[in-house]
$ cat start01.cif   # mmCIF, C-alpha atoms
data_run
#
loop_
_atom_site.label_atom_id
_atom_site.label_comp_id
_atom_site.auth_asym_id
_atom_site.auth_seq_id
_atom_site.Cartn_x
_atom_site.Cartn_y
_atom_site.Cartn_z
CA MET A 265 0.00 0.00 0.00
CA ALA A 266 1.55 3.31 -1.10
CA SER A 267 1.80 5.91 1.64
CA VAL A 268 -0.17 9.16 1.25
CA THR A 269 1.22 12.26 2.96
CA LEU A 270 -1.46 14.18 4.84
CA PRO A 271 -0.94 17.44 6.72
CA THR A 272 0.22 16.98 10.32
CA ILE A 273 -2.62 17.45 12.78
CA ARG A 274 -2.07 20.16 15.37
CA PHE A 275 -2.21 18.79 18.94
CA LEU A 276 -1.08 15.26 18.07
CA GLN A 277 2.44 14.32 19.13
CA GLN A 278 2.81 11.36 16.78
CA PRO A 279 1.07 10.62 13.49
CA THR A 280 -0.83 7.36 12.99
CA SER A 281 1.33 4.55 11.66
CA GLN A 282 0.97 3.06 8.20
CA ALA A 283 0.48 -0.31 9.99
CA TRP A 284 -2.79 0.98 11.50
CA VAL A 285 -3.99 2.16 8.09
CA GLU A 286 -3.31 -1.24 6.55
CA GLN A 287 -5.03 -3.05 9.41
CA ALA A 288 -8.07 -0.75 9.25
CA ILE A 289 -8.48 -0.99 5.48
CA ALA A 290 -8.27 -4.79 5.75
CA SER A 291 -11.06 -4.75 8.39
CA LEU A 292 -13.34 -1.98 7.19
CA ASN A 293 -16.53 -3.60 8.50
CA VAL A 294 -15.22 -3.90 12.05
CA VAL A 295 -13.84 -0.36 11.89
CA LEU A 296 -17.27 0.90 10.72
CA LEU A 297 -19.01 -0.82 13.62
CA ASP A 298 -16.47 0.62 16.04
CA HIS A 299 -16.91 4.02 14.41
CA SER A 300 -20.64 3.84 15.18
CA HIS A 301 -19.80 3.26 18.85
CA CYS A 302 -17.30 6.13 18.76
CA GLU A 303 -19.89 8.60 17.44
CA ARG A 304 -22.41 7.52 20.08
CA LYS A 305 -19.79 7.78 22.82
CA ALA A 306 -18.70 11.22 21.57
CA ALA A 307 -22.32 12.41 21.84
CA GLY A 308 -22.51 10.90 25.34
CA VAL A 309 -19.31 12.60 26.47
CA ALA A 310 -20.49 16.02 25.22
CA LEU A 311 -23.82 15.50 26.97
CA ASN A 312 -22.10 14.44 30.21
CA LEU A 313 -20.14 17.68 30.18
CA LEU A 314 -23.41 19.61 29.76
CA PHE A 315 -24.75 17.77 32.82
CA ARG A 316 -21.63 18.42 34.84
CA TYR A 317 -21.34 22.16 34.06
CA PRO A 318 -24.96 23.34 33.58
CA ALA A 319 -24.15 26.96 34.49
CA GLN A 320 -21.38 27.50 31.89
CA SER A 321 -23.45 28.94 29.08
CA LYS A 322 -20.73 28.97 26.41
CA LEU A 323 -19.87 25.33 27.13
CA VAL A 324 -23.56 24.40 27.16
CA HIS A 325 -24.21 26.13 23.86
CA LEU A 326 -21.16 24.81 21.98
CA LEU A 327 -21.40 21.25 23.29
CA THR A 328 -25.12 21.02 22.49
CA THR A 329 -24.15 21.58 18.85
CA VAL A 330 -21.31 19.05 19.10
CA ALA A 331 -23.65 16.42 20.60
CA GLN A 332 -26.21 17.04 17.85
CA GLU A 333 -23.57 16.61 15.15
CA GLU A 334 -22.19 13.44 16.74
CA LEU A 335 -25.72 11.99 16.78
CA MET A 336 -26.14 12.88 13.11
CA HIS A 337 -22.86 11.11 12.31
CA PHE A 338 -23.93 8.15 14.45
CA GLU A 339 -27.08 7.85 12.35
CA GLN A 340 -25.06 8.18 9.12
CA VAL A 341 -22.55 5.51 10.15
CA ASN A 342 -25.45 3.24 11.09
CA GLN A 343 -26.87 3.69 7.60
CA TRP A 344 -23.51 2.55 6.22
CA LEU A 345 -23.63 -0.49 8.48
CA GLU A 346 -27.10 -1.31 7.18
CA ARG A 347 -26.00 -0.82 3.57
CA ARG A 348 -23.12 -3.25 4.10
CA GLY A 349 -25.28 -5.77 6.01
CA ILE A 350 -23.39 -5.34 9.29
CA ALA A 351 -25.57 -5.92 12.36
CA LEU A 352 -25.46 -3.34 15.14
CA GLY A 353 -24.02 -4.79 18.30
CA PRO A 354 -21.50 -4.41 21.08
CA LEU A 355 -17.76 -4.48 20.38
CA PRO A 356 -15.05 -4.53 23.05
CA ALA A 357 -13.42 -1.10 23.26
CA PRO A 358 -9.63 -0.72 22.97
CA PRO A 359 -7.78 0.62 26.06
CA TYR A 360 -7.45 4.09 24.47
CA GLY A 361 -10.54 5.72 26.04
CA SER A 362 -10.03 4.33 29.51
CA GLY A 363 -6.30 5.11 29.30
CA LEU A 364 -7.10 8.75 28.57
CA SER A 365 -9.87 8.96 31.18
CA ALA A 366 -7.42 7.75 33.81
CA GLN A 367 -5.47 10.98 33.24
CA VAL A 368 -8.37 13.22 34.31
CA ARG A 369 -7.60 14.84 37.65
CA ARG A 370 -10.40 14.57 40.22
CA CYS A 371 -10.56 18.12 41.54
CA GLU A 372 -12.03 21.15 39.83
CA PRO A 373 -11.05 23.15 37.89
CA GLU A 374 -8.41 20.63 36.75
CA ARG A 375 -11.10 18.07 35.99
CA LEU A 376 -12.75 20.42 33.50
CA LEU A 377 -9.45 21.32 31.83
CA ASP A 378 -8.39 17.67 31.47
CA SER A 379 -11.83 16.62 30.21
CA LEU A 380 -11.85 19.33 27.54
CA LEU A 381 -8.29 18.61 26.39
CA ILE A 382 -8.82 14.86 26.22
CA CYS A 383 -12.02 15.34 24.20
CA GLY A 384 -10.06 17.66 21.92
CA LEU A 385 -7.28 15.10 21.48
CA ILE A 386 -9.75 12.32 20.66
CA GLU A 387 -11.43 14.55 18.08
CA ALA A 388 -8.03 15.48 16.63
CA ARG A 389 -7.10 11.80 16.32
CA SER A 390 -10.48 11.01 14.76
CA HIS A 391 -9.94 13.86 12.32
CA GLU A 392 -6.52 12.46 11.36
CA ARG A 393 -7.73 8.87 11.02
CA LEU A 394 -10.88 9.70 9.07
CA GLY A 395 -8.63 11.60 6.67
CA LEU A 396 -6.46 8.48 6.33
CA LEU A 397 -9.51 6.26 5.78
CA ALA A 398 -10.77 8.74 3.16
CA ALA A 399 -7.38 8.60 1.41
CA TYR A 400 -7.00 4.81 1.42
CA CYS A 401 -10.53 3.36 1.40
CA PRO A 402 -11.05 1.29 -1.78
CA ASP A 403 -14.84 1.93 -1.76
CA SER A 404 -15.04 5.39 -3.29
CA ASN A 405 -18.48 6.16 -1.83
CA LEU A 406 -17.39 5.21 1.65
CA ALA A 407 -14.20 7.24 1.13
CA LYS A 408 -16.36 10.25 0.27
CA PHE A 409 -18.37 9.72 3.43
CA TYR A 410 -15.19 9.62 5.52
CA GLN A 411 -14.01 12.79 3.82
CA SER A 412 -17.34 14.49 4.64
CA LEU A 413 -16.72 13.87 8.36
CA VAL A 414 -13.15 15.21 8.42
CA ALA A 415 -14.14 18.88 8.64
CA SER A 416 -16.63 18.28 11.49
CA GLU A 417 -14.04 16.50 13.57
CA ALA A 418 -11.67 19.42 13.05
CA ARG A 419 -14.42 21.83 14.13
CA HIS A 420 -15.06 19.72 17.23
CA TYR A 421 -11.48 19.76 18.36
CA GLY A 422 -11.55 23.49 17.76
CA VAL A 423 -14.58 23.74 20.08
CA TYR A 424 -12.85 21.83 22.88
CA TRP A 425 -9.71 23.91 22.51
CA THR A 426 -11.76 27.16 22.48
CA LEU A 427 -13.55 26.11 25.67
CA ALA A 428 -10.25 25.25 27.39
CA ASP A 429 -8.93 28.66 26.28
CA THR A 430 -12.11 30.33 27.63
CA TYR A 431 -11.91 28.95 31.13
CA PHE A 432 -8.11 28.67 31.61
CA GLU A 433 -4.89 30.60 31.08
CA ARG A 434 -3.37 29.85 27.70
CA SER A 435 -0.03 28.79 29.19
CA THR A 436 -1.77 26.35 31.56
CA VAL A 437 -3.71 24.92 28.61
CA ALA A 438 -0.61 24.56 26.44
CA GLN A 439 1.41 22.81 29.14
CA ARG A 440 -1.31 20.31 30.07
CA LEU A 441 -2.15 19.69 26.43
CA GLU A 442 1.43 18.70 25.75
CA GLU A 443 1.42 16.24 28.67
CA LEU A 444 -1.87 14.68 27.62
CA ALA A 445 -0.89 14.56 23.95
CA GLN A 446 2.17 12.53 24.91
CA VAL A 447 -0.02 10.04 26.75
CA GLU A 448 -2.43 9.93 23.79
CA SER A 449 0.33 9.10 21.31
CA ARG A 450 1.86 6.55 23.69
CA LEU A 451 -1.51 4.73 23.93
CA LEU A 452 -1.44 4.28 20.15
CA ALA A 453 2.30 3.57 19.79
CA ALA A 454 2.04 -0.21 19.41
CA LEU A 455 -0.43 -1.68 16.92
CA ARG A 456 -3.06 -3.71 18.78
CA PRO A 457 -4.54 -6.96 17.49
CA GLU A 458 -8.11 -5.65 17.25
CA PRO A 459 -8.80 -3.13 14.46
CA ARG A 460 -10.52 -0.06 15.95
CA MET A 461 -10.83 3.66 15.21
CA HIS A 462 -8.56 4.30 18.19
CA SER A 463 -6.49 1.13 18.43
CA MET B 188 -57.80 32.18 35.98
CA ALA B 189 -60.43 30.71 33.64
CA SER B 190 -60.04 27.01 32.97
CA VAL B 191 -59.36 25.88 29.38
CA THR B 192 -60.49 22.39 28.40
CA LEU B 193 -57.80 20.49 26.49
CA PRO B 194 -58.20 17.01 25.04
CA THR B 195 -57.40 14.22 27.51
CA ILE B 196 -53.97 12.72 26.91
CA ARG B 197 -53.91 9.00 26.21
CA PHE B 198 -51.79 7.10 28.79
CA LEU B 199 -52.27 9.58 31.64
CA GLN B 200 -54.54 8.43 34.46
CA GLN B 201 -55.23 11.89 35.89
CA PRO B 202 -55.10 15.27 34.20
CA THR B 203 -52.90 18.05 35.59
CA SER B 204 -54.63 20.20 38.19
CA GLN B 205 -55.57 23.83 37.68
CA ALA B 206 -53.50 24.55 40.80
CA TRP B 207 -50.33 23.44 38.96
CA VAL B 208 -51.19 25.66 36.00
CA GLU B 209 -51.64 28.70 38.26
CA GLN B 210 -48.40 27.97 40.10
CA ALA B 211 -46.47 27.49 36.85
CA ILE B 212 -47.82 30.64 35.19
CA ALA B 213 -46.92 32.62 38.33
CA SER B 214 -43.34 31.26 38.15
CA LEU B 215 -42.64 31.12 34.44
CA ASN B 216 -38.92 31.88 34.77
CA VAL B 217 -38.32 28.99 37.16
CA VAL B 218 -40.43 26.69 35.00
CA LEU B 219 -38.39 27.70 31.95
CA LEU B 220 -35.12 26.93 33.73
CA ASP B 221 -36.53 23.59 34.86
CA HIS B 222 -37.75 22.94 31.32
CA SER B 223 -34.19 23.39 30.05
CA HIS B 224 -33.04 20.71 32.49
CA CYS B 225 -35.91 18.45 31.41
CA GLU B 226 -34.94 18.65 27.73
CA ARG B 227 -31.31 17.90 28.54
CA LYS B 228 -32.32 14.98 30.75
CA ALA B 229 -34.68 13.65 28.07
CA ALA B 230 -31.79 13.65 25.59
CA GLY B 231 -29.62 11.91 28.19
CA VAL B 232 -32.23 9.22 28.86
CA ALA B 233 -32.67 8.48 25.15
CA LEU B 234 -28.89 8.26 24.75
CA ASN B 235 -28.57 5.97 27.78
CA LEU B 236 -31.07 3.59 26.19
CA LEU B 237 -28.95 3.60 23.01
CA PHE B 238 -25.95 2.68 25.12
CA ARG B 239 -27.80 -0.06 26.96
CA TYR B 240 -29.34 -1.72 23.87
CA PRO B 241 -26.79 -1.14 21.08
CA ALA B 242 -27.95 -4.17 19.07
CA GLN B 243 -31.66 -3.19 18.80
CA SER B 244 -31.57 -1.36 15.50
CA LYS B 245 -35.13 0.00 15.59
CA LEU B 246 -34.61 1.37 19.09
CA VAL B 247 -31.24 2.82 18.11
CA HIS B 248 -32.67 4.50 15.02
CA LEU B 249 -35.79 5.96 16.65
CA LEU B 250 -34.09 7.11 19.84
CA THR B 251 -31.27 8.78 17.93
CA THR B 252 -33.92 11.01 16.38
CA VAL B 253 -35.59 11.60 19.75
CA ALA B 254 -32.25 12.57 21.34
CA GLN B 255 -31.51 14.97 18.46
CA GLU B 256 -34.90 16.64 18.85
CA GLU B 257 -34.53 16.94 22.62
CA LEU B 258 -31.17 18.64 22.11
CA MET B 259 -32.74 21.03 19.63
CA HIS B 260 -35.44 21.87 22.18
CA PHE B 261 -32.80 22.24 24.89
CA GLU B 262 -31.04 24.82 22.72
CA GLN B 263 -34.34 26.60 22.01
CA VAL B 264 -35.32 26.74 25.68
CA ASN B 265 -31.85 28.08 26.49
CA GLN B 266 -32.38 30.86 23.95
CA TRP B 267 -35.61 31.75 25.80
CA LEU B 268 -33.68 31.83 29.06
CA GLU B 269 -31.13 34.18 27.52
CA ARG B 270 -33.88 36.40 26.08
CA ARG B 271 -35.47 36.69 29.53
CA GLY B 272 -32.13 37.27 31.28
CA ILE B 273 -32.30 34.01 33.27
CA ALA B 274 -28.88 32.54 34.04
CA LEU B 275 -28.30 28.86 33.30
CA GLY B 276 -27.69 26.92 36.47
CA PRO B 277 -28.62 23.92 38.58
CA LEU B 278 -32.12 23.57 40.06
CA PRO B 279 -33.16 20.87 42.54
CA ALA B 280 -35.31 18.28 40.75
CA PRO B 281 -38.75 17.34 42.08
CA PRO B 282 -39.22 13.71 43.26
CA TYR B 283 -41.11 12.81 40.06
CA GLY B 284 -38.18 11.41 38.05
CA SER B 285 -36.63 9.44 40.89
CA GLY B 286 -40.09 8.20 41.92
CA LEU B 287 -40.64 6.82 38.43
CA SER B 288 -37.11 5.40 38.12
CA ALA B 289 -37.68 3.48 41.35
CA GLN B 290 -40.39 1.52 39.52
CA VAL B 291 -38.00 0.11 36.92
CA ARG B 292 -37.47 -3.60 37.49
CA ARG B 293 -33.81 -4.70 37.53
CA CYS B 294 -33.97 -7.78 35.30
CA GLU B 295 -34.27 -7.89 31.53
CA PRO B 296 -36.50 -7.84 29.61
CA GLU B 297 -38.67 -6.12 32.28
CA ARG B 298 -36.09 -3.37 32.65
CA LEU B 299 -36.44 -2.43 28.99
CA LEU B 300 -40.25 -2.49 29.10
CA ASP B 301 -40.41 -0.34 32.23
CA SER B 302 -37.83 2.11 30.89
CA LEU B 303 -39.72 2.58 27.63
CA LEU B 304 -43.10 3.00 29.33
CA ILE B 305 -41.79 5.46 31.90
CA CYS B 306 -40.16 7.53 29.17
CA GLY B 307 -43.47 7.43 27.29
CA LEU B 308 -45.38 8.58 30.37
CA ILE B 309 -42.98 11.46 31.00
CA GLU B 310 -43.32 12.55 27.36
CA ALA B 311 -47.11 12.27 27.60
CA ARG B 312 -47.12 14.44 30.72
CA SER B 313 -44.79 16.95 29.08
CA HIS B 314 -47.10 17.02 26.07
CA GLU B 315 -50.10 17.73 28.32
CA ARG B 316 -48.35 20.41 30.37
CA LEU B 317 -46.77 22.19 27.41
CA GLY B 318 -50.28 22.36 25.95
CA LEU B 319 -51.50 23.93 29.21
CA LEU B 320 -48.62 26.42 29.26
CA ALA B 321 -49.39 27.29 25.61
CA ALA B 322 -53.04 27.88 26.54
CA TYR B 323 -52.42 30.00 29.65
CA CYS B 324 -49.07 31.74 29.09
CA PRO B 325 -49.59 35.53 29.07
CA ASP B 326 -46.51 36.09 26.84
CA SER B 327 -47.92 35.27 23.40
CA ASN B 328 -44.51 34.56 21.84
CA LEU B 329 -43.58 32.17 24.60
CA ALA B 330 -47.05 30.58 24.29
CA LYS B 331 -46.35 30.01 20.59
CA PHE B 332 -43.04 28.39 21.46
CA TYR B 333 -44.75 26.06 23.93
CA GLN B 334 -47.31 25.18 21.28
CA SER B 335 -44.53 24.41 18.80
CA LEU B 336 -43.18 21.75 21.19
CA VAL B 337 -46.51 20.02 21.84
CA ALA B 338 -46.48 17.94 18.65
CA SER B 339 -42.89 16.72 19.21
CA GLU B 340 -43.66 15.51 22.69
CA ALA B 341 -46.66 13.60 21.31
CA ARG B 342 -44.43 12.04 18.65
CA HIS B 343 -41.91 11.08 21.33
CA TYR B 344 -44.44 9.29 23.48
CA GLY B 345 -45.58 7.58 20.28
CA VAL B 346 -42.00 6.40 19.70
CA TYR B 347 -41.67 4.94 23.19
CA TRP B 348 -45.04 3.20 22.89
CA THR B 349 -44.11 1.83 19.43
CA LEU B 350 -40.85 0.46 20.81
CA ALA B 351 -42.63 -1.21 23.75
CA ASP B 352 -45.10 -2.68 21.26
CA THR B 353 -42.19 -3.89 19.08
CA TYR B 354 -40.38 -5.83 21.77
CA PHE B 355 -43.30 -7.00 23.99
CA GLU B 356 -46.78 -8.53 23.75
CA ARG B 357 -49.44 -5.87 23.57
CA SER B 358 -51.34 -7.22 26.60
CA THR B 359 -48.14 -7.15 28.70
CA VAL B 360 -47.51 -3.57 27.60
CA ALA B 361 -51.08 -2.48 28.37
CA GLN B 362 -51.08 -4.01 31.85
CA ARG B 363 -47.73 -2.60 32.90
CA LEU B 364 -48.56 0.77 31.39
CA GLU B 365 -51.67 1.01 33.53
CA GLU B 366 -49.70 0.20 36.70
CA LEU B 367 -47.00 2.76 35.90
CA ALA B 368 -49.52 5.40 34.84
CA GLN B 369 -51.16 5.10 38.25
CA VAL B 370 -47.82 5.71 39.95
CA GLU B 371 -47.15 8.63 37.62
CA SER B 372 -50.43 10.34 38.45
CA ARG B 373 -49.97 9.63 42.17
CA LEU B 374 -46.56 11.35 42.11
CA LEU B 375 -48.27 14.50 40.82
CA ALA B 376 -51.44 14.28 42.95
CA ALA B 377 -50.45 16.85 45.57
CA LEU B 378 -49.15 20.27 44.48
CA ARG B 379 -45.57 20.69 45.62
CA PRO B 380 -44.07 23.94 46.87
CA GLU B 381 -41.47 24.24 44.08
CA PRO B 382 -42.82 25.08 40.61
CA ARG B 383 -41.43 22.59 38.11
CA MET B 384 -42.45 21.04 34.77
CA HIS B 385 -43.14 17.80 36.64
CA SER B 386 -43.99 18.97 40.15
#
$ encode --input "start01.cif" --output "structure tokens"
Amino acid sequence: MASVTLPTIRFLQQPTSQAWVEQAIASLNVVLLDHSHCERKAAGVALNLLFRYPAQSKLVHLLTTVAQEELMHFEQVNQWLERRGIALGPLPAPPYGSGLSAQVRRCEPERLLDSLLICGLIEARSHERLGLLAAYCPDSNLAKFYQSLVASEARHYGVYWTLADTYFERSTVAQRLEELAQVESRLLAALRPEPRMHS
Amino acid sequence: MASVTLPTIRFLQQPTSQAWVEQAIASLNVVLLDHSHCERKAAGVALNLLFRYPAQSKLVHLLTTVAQEELMHFEQVNQWLERRGIALGPLPAPPYGSGLSAQVRRCEPERLLDSLLICGLIEARSHERLGLLAAYCPDSNLAKFYQSLVASEARHYGVYWTLADTYFERSTVAQRLEELAQVESRLLAALRPEPRMHS
């Protein structure tokens, strides 16, 4: 498989390996099912933040839009599953999400900062990987669908970064982002046996 | 306050009292803030059901749409709050939601049936009360907004009933619905001191 050079994604310490791309393209149906779970989880995470910080009007407003978009993508991915005859169902998650959640400090306001930055990093990684799937996917219609999601994911990581920048000093944000981005890249450093959006 | 006769809502054992209407109209700002929380919680409940039953494609499809609509209403109610200068913020919930949740049996498939019917009852009550607010609200623009939500709430209780009818025998659904509807009406029988959508 020839390598395609995509622009480096801001925030991410290490780009996704070509080995992940090859594994994902060889297991597109599993990756699609996992993608459905990812979109649903992303909506859930945005909604949980709304529940946790009901008085922060900017956060409430921006994350309501994010949650709505994630639900729209969830529905779209599910239509792809149906088109390809893949049954909806559970799928064991890779350790990526729990590994990142373990980094969230328990006390406020650190908990808010870490939550926002981790959501931003996950969106940034999704943005990068959807771009890779769009570039390599042999089904041109599915590739177009992946490409259509790339811009939204970029907007979402922009939202999380904007919120972090709203509630915290920029230097504090930058320092913690670098720490968390290192953890994020480390969690993806070795290719795992199960093909997932974030494996 | 002159009483307006509205059509009786299917599912509900007892109609809302005139005393609730008077209390709510006298405390519209608090009721609006509570309404915002209700829409957010309704989106959260629909999403939780998606998480709990990821393999039930009809449920997943219909409740994705419900969650999207609830989020749209949440955003709309929040715009009303902003227009009226009401700050977003927490508000203690009345015992209605926890009283209904306590009725959910722990084992499947009863848990699913009870969850669907309770969601349907809450939507039916919201439908009834939004209709009352539309009829009595002295602010004609806000009344129009309430009226615009009435049809969605009816559609949502239709969705929950349809899902119950999909996964369970109709006689089982009807019997359990009657039991839960009695609890629901009992929880609202006495006017509570705090004005809420479901107090």
$ interface_residues --input "start01.cif" --of "chain B" --to "chain A" --cutoff "9 Å" --atoms "all atoms listed in the file" --output "PDB file with C-alpha atoms, in the frame of the given file"
ATOM      1  CA  HIS B 224     -33.040  20.710  32.490  1.00  0.00           C
ATOM      2  CA  ARG B 227     -31.310  17.900  28.540  1.00  0.00           C
ATOM      3  CA  LYS B 228     -32.320  14.980  30.750  1.00  0.00           C
ATOM      4  CA  ALA B 230     -31.790  13.650  25.590  1.00  0.00           C
ATOM      5  CA  GLY B 231     -29.620  11.910  28.190  1.00  0.00           C
ATOM      6  CA  LEU B 234     -28.890   8.260  24.750  1.00  0.00           C
ATOM      7  CA  ASN B 235     -28.570   5.970  27.780  1.00  0.00           C
ATOM      8  CA  LEU B 237     -28.950   3.600  23.010  1.00  0.00           C
ATOM      9  CA  PHE B 238     -25.950   2.680  25.120  1.00  0.00           C
ATOM     10  CA  TYR B 240     -29.340  -1.720  23.870  1.00  0.00           C
ATOM     11  CA  PRO B 241     -26.790  -1.140  21.080  1.00  0.00           C
ATOM     12  CA  ALA B 242     -27.950  -4.170  19.070  1.00  0.00           C
ATOM     13  CA  GLN B 243     -31.660  -3.190  18.800  1.00  0.00           C
ATOM     14  CA  SER B 244     -31.570  -1.360  15.500  1.00  0.00           C
ATOM     15  CA  VAL B 247     -31.240   2.820  18.110  1.00  0.00           C
ATOM     16  CA  HIS B 248     -32.670   4.500  15.020  1.00  0.00           C
ATOM     17  CA  THR B 251     -31.270   8.780  17.930  1.00  0.00           C
ATOM     18  CA  THR B 252     -33.920  11.010  16.380  1.00  0.00           C
ATOM     19  CA  ALA B 254     -32.250  12.570  21.340  1.00  0.00           C
ATOM     20  CA  GLN B 255     -31.510  14.970  18.460  1.00  0.00           C
ATOM     21  CA  GLU B 256     -34.900  16.640  18.850  1.00  0.00           C
ATOM     22  CA  LEU B 258     -31.170  18.640  22.110  1.00  0.00           C
ATOM     23  CA  MET B 259     -32.740  21.030  19.630  1.00  0.00           C
ATOM     24  CA  PHE B 261     -32.800  22.240  24.890  1.00  0.00           C
ATOM     25  CA  GLU B 262     -31.040  24.820  22.720  1.00  0.00           C
ATOM     26  CA  ASN B 265     -31.850  28.080  26.490  1.00  0.00           C
ATOM     27  CA  ALA B 274     -28.880  32.540  34.040  1.00  0.00           C
ATOM     28  CA  LEU B 275     -28.300  28.860  33.300  1.00  0.00           C
ATOM     29  CA  GLY B 276     -27.690  26.920  36.470  1.00  0.00           C
ATOM     30  CA  PRO B 277     -28.620  23.920  38.580  1.00  0.00           C
TER      31      PRO B 277
END
$ resolve_selection --input "start01.cif" --expression "the PyMOL selection byres ((chain A and resi 366-382) around 7)" --output "list in words"
Ser362, Gly363, Leu364, Ser365, Cys383, Gly384, Leu385, Ile386, Tyr424, Trp425, Ala428 and Leu441 of chain A
$ closest_residue --input "start01.cif" --among "B:Ala311, B:Leu219, B:Val253, B:Leu246" --to "B:Ser372" --atoms "all atoms listed in the file"
B:Ala311
$ residues_around --input "start01.cif" --residues "B:Lys331" --least-positions-apart "6" --cutoff "10 Å" --atoms "all atoms listed in the file" --output "MDAnalysis selection string"
chainID B and resid 320:322 324
$ atom_distance --input "start01.cif" --atom1 "atom CA of A:Tyr431" --atom2 "atom CA of B:Val217"
27.1 Å
$ resolve_selection --input "start01.cif" --expression "the PyMOL selection byres ((chain A and resi 414) around 12)" --output "short mmCIF file (atom, residue, chain, number, x, y, z; two decimals) with C-alpha atoms, in the frame of the given file"
data_model
loop_
_atom_site.label_atom_id
_atom_site.label_comp_id
_atom_site.auth_asym_id
_atom_site.auth_seq_id
_atom_site.Cartn_x
_atom_site.Cartn_y
_atom_site.Cartn_z
CA ILE A 273 -2.62 17.45 12.78
CA HIS A 337 -22.86 11.11 12.31
CA GLU A 387 -11.43 14.55 18.08
CA ALA A 388 -8.03 15.48 16.63
CA ARG A 389 -7.10 11.80 16.32
CA SER A 390 -10.48 11.01 14.76
CA HIS A 391 -9.94 13.86 12.32
CA GLU A 392 -6.52 12.46 11.36
CA ARG A 393 -7.73 8.87 11.02
CA LEU A 394 -10.88 9.70 9.07
CA GLY A 395 -8.63 11.60 6.67
CA LEU A 396 -6.46 8.48 6.33
CA LEU A 397 -9.51 6.26 5.78
CA ALA A 398 -10.77 8.74 3.16
CA ALA A 399 -7.38 8.60 1.41
CA ALA A 407 -14.20 7.24 1.13
CA LYS A 408 -16.36 10.25 0.27
CA PHE A 409 -18.37 9.72 3.43
CA TYR A 410 -15.19 9.62 5.52
CA GLN A 411 -14.01 12.79 3.82
CA SER A 412 -17.34 14.49 4.64
CA LEU A 413 -16.72 13.87 8.36
CA ALA A 415 -14.14 18.88 8.64
CA SER A 416 -16.63 18.28 11.49
CA GLU A 417 -14.04 16.50 13.57
CA ALA A 418 -11.67 19.42 13.05
CA ARG A 419 -14.42 21.83 14.13
CA HIS A 420 -15.06 19.72 17.23
CA TYR A 421 -11.48 19.76 18.36
#
$ atom_distance --input "start01.cif" --atom1 "atom CA of B:Arg379" --atom2 "atom CA of B:Val218"
13.2 Å
$ atom_distance --input "start01.cif" --atom1 "atom CA of B:Gly284" --atom2 "atom CA of B:Thr203"
16.3 Å
$ closest_residue --input "start01.cif" --among "A:Ser291, A:Ala357, A:Ala445, A:Thr430" --to "A:Pro402" --atoms "only C-alpha atoms"
A:Ser291
$ closest_residue --input "start01.cif" --among "A:Met461, A:Ala454, A:Ala438, A:Leu444" --to "A:Cys302" --atoms "all atoms listed in the file"
A:Met461
$ closest_residue --input "start01.cif" --among "B:Arg373, B:Pro380, B:Ala229, B:Asn328" --to "B:Pro202" --atoms "only C-alpha atoms"
B:Arg373
$ resolve_selection --input "start01.cif" --expression "the PyMOL selection byres ((chain A and resi 284) around 9)" --output "PyMOL selection string"
chain A and resi 280-283+285-289+455-456+459-460+463
$ closest_residue --input "start01.cif" --among "A:His462, A:His299, A:Lys322, A:Arg348" --to "A:Asp403" --atoms "only C-alpha atoms"
A:Arg348
$ build_atoms --input "start01.cif" --residues "stretch 337-343 of chain A" --atoms "N, CA, C and O atoms" --output "JSON list (two decimals), in the frame of the given file"
[["chain", "number", "residue", "atom", "x", "y", "z"],
["A", 337, "HIS", "N", -23.88, 12.02, 12.87],
["A", 337, "HIS", "CA", -22.86, 11.11, 12.31],
["A", 337, "HIS", "C", -23.15, 9.66, 12.72],
["A", 337, "HIS", "O", -22.96, 8.74, 11.92],
["A", 338, "PHE", "N", -23.57, 9.49, 13.95],
["A", 338, "PHE", "CA", -23.93, 8.15, 14.45],
["A", 338, "PHE", "C", -24.99, 7.54, 13.53],
["A", 338, "PHE", "O", -24.85, 6.40, 13.06],
["A", 339, "GLU", "N", -26.01, 8.31, 13.23],
["A", 339, "GLU", "CA", -27.08, 7.85, 12.35],
["A", 339, "GLU", "C", -26.52, 7.54, 10.94],
["A", 339, "GLU", "O", -26.87, 6.53, 10.34],
["A", 340, "GLN", "N", -25.64, 8.40, 10.46],
["A", 340, "GLN", "CA", -25.06, 8.18, 9.12],
["A", 340, "GLN", "C", -24.20, 6.92, 9.07],
["A", 340, "GLN", "O", -24.27, 6.14, 8.12],
["A", 341, "VAL", "N", -23.38, 6.73, 10.12],
["A", 341, "VAL", "CA", -22.55, 5.51, 10.15],
["A", 341, "VAL", "C", -23.45, 4.28, 10.22],
["A", 341, "VAL", "O", -23.21, 3.28, 9.55],
["A", 342, "ASN", "N", -24.53, 4.38, 11.00],
["A", 342, "ASN", "CA", -25.45, 3.24, 11.09],
["A", 342, "ASN", "C", -26.11, 2.93, 9.75],
["A", 342, "ASN", "O", -26.38, 1.76, 9.44],
["A", 343, "GLN", "N", -26.34, 3.95, 8.94],
["A", 343, "GLN", "CA", -26.87, 3.69, 7.60],
["A", 343, "GLN", "C", -25.84, 2.95, 6.74],
["A", 343, "GLN", "O", -26.19, 2.06, 5.97]]
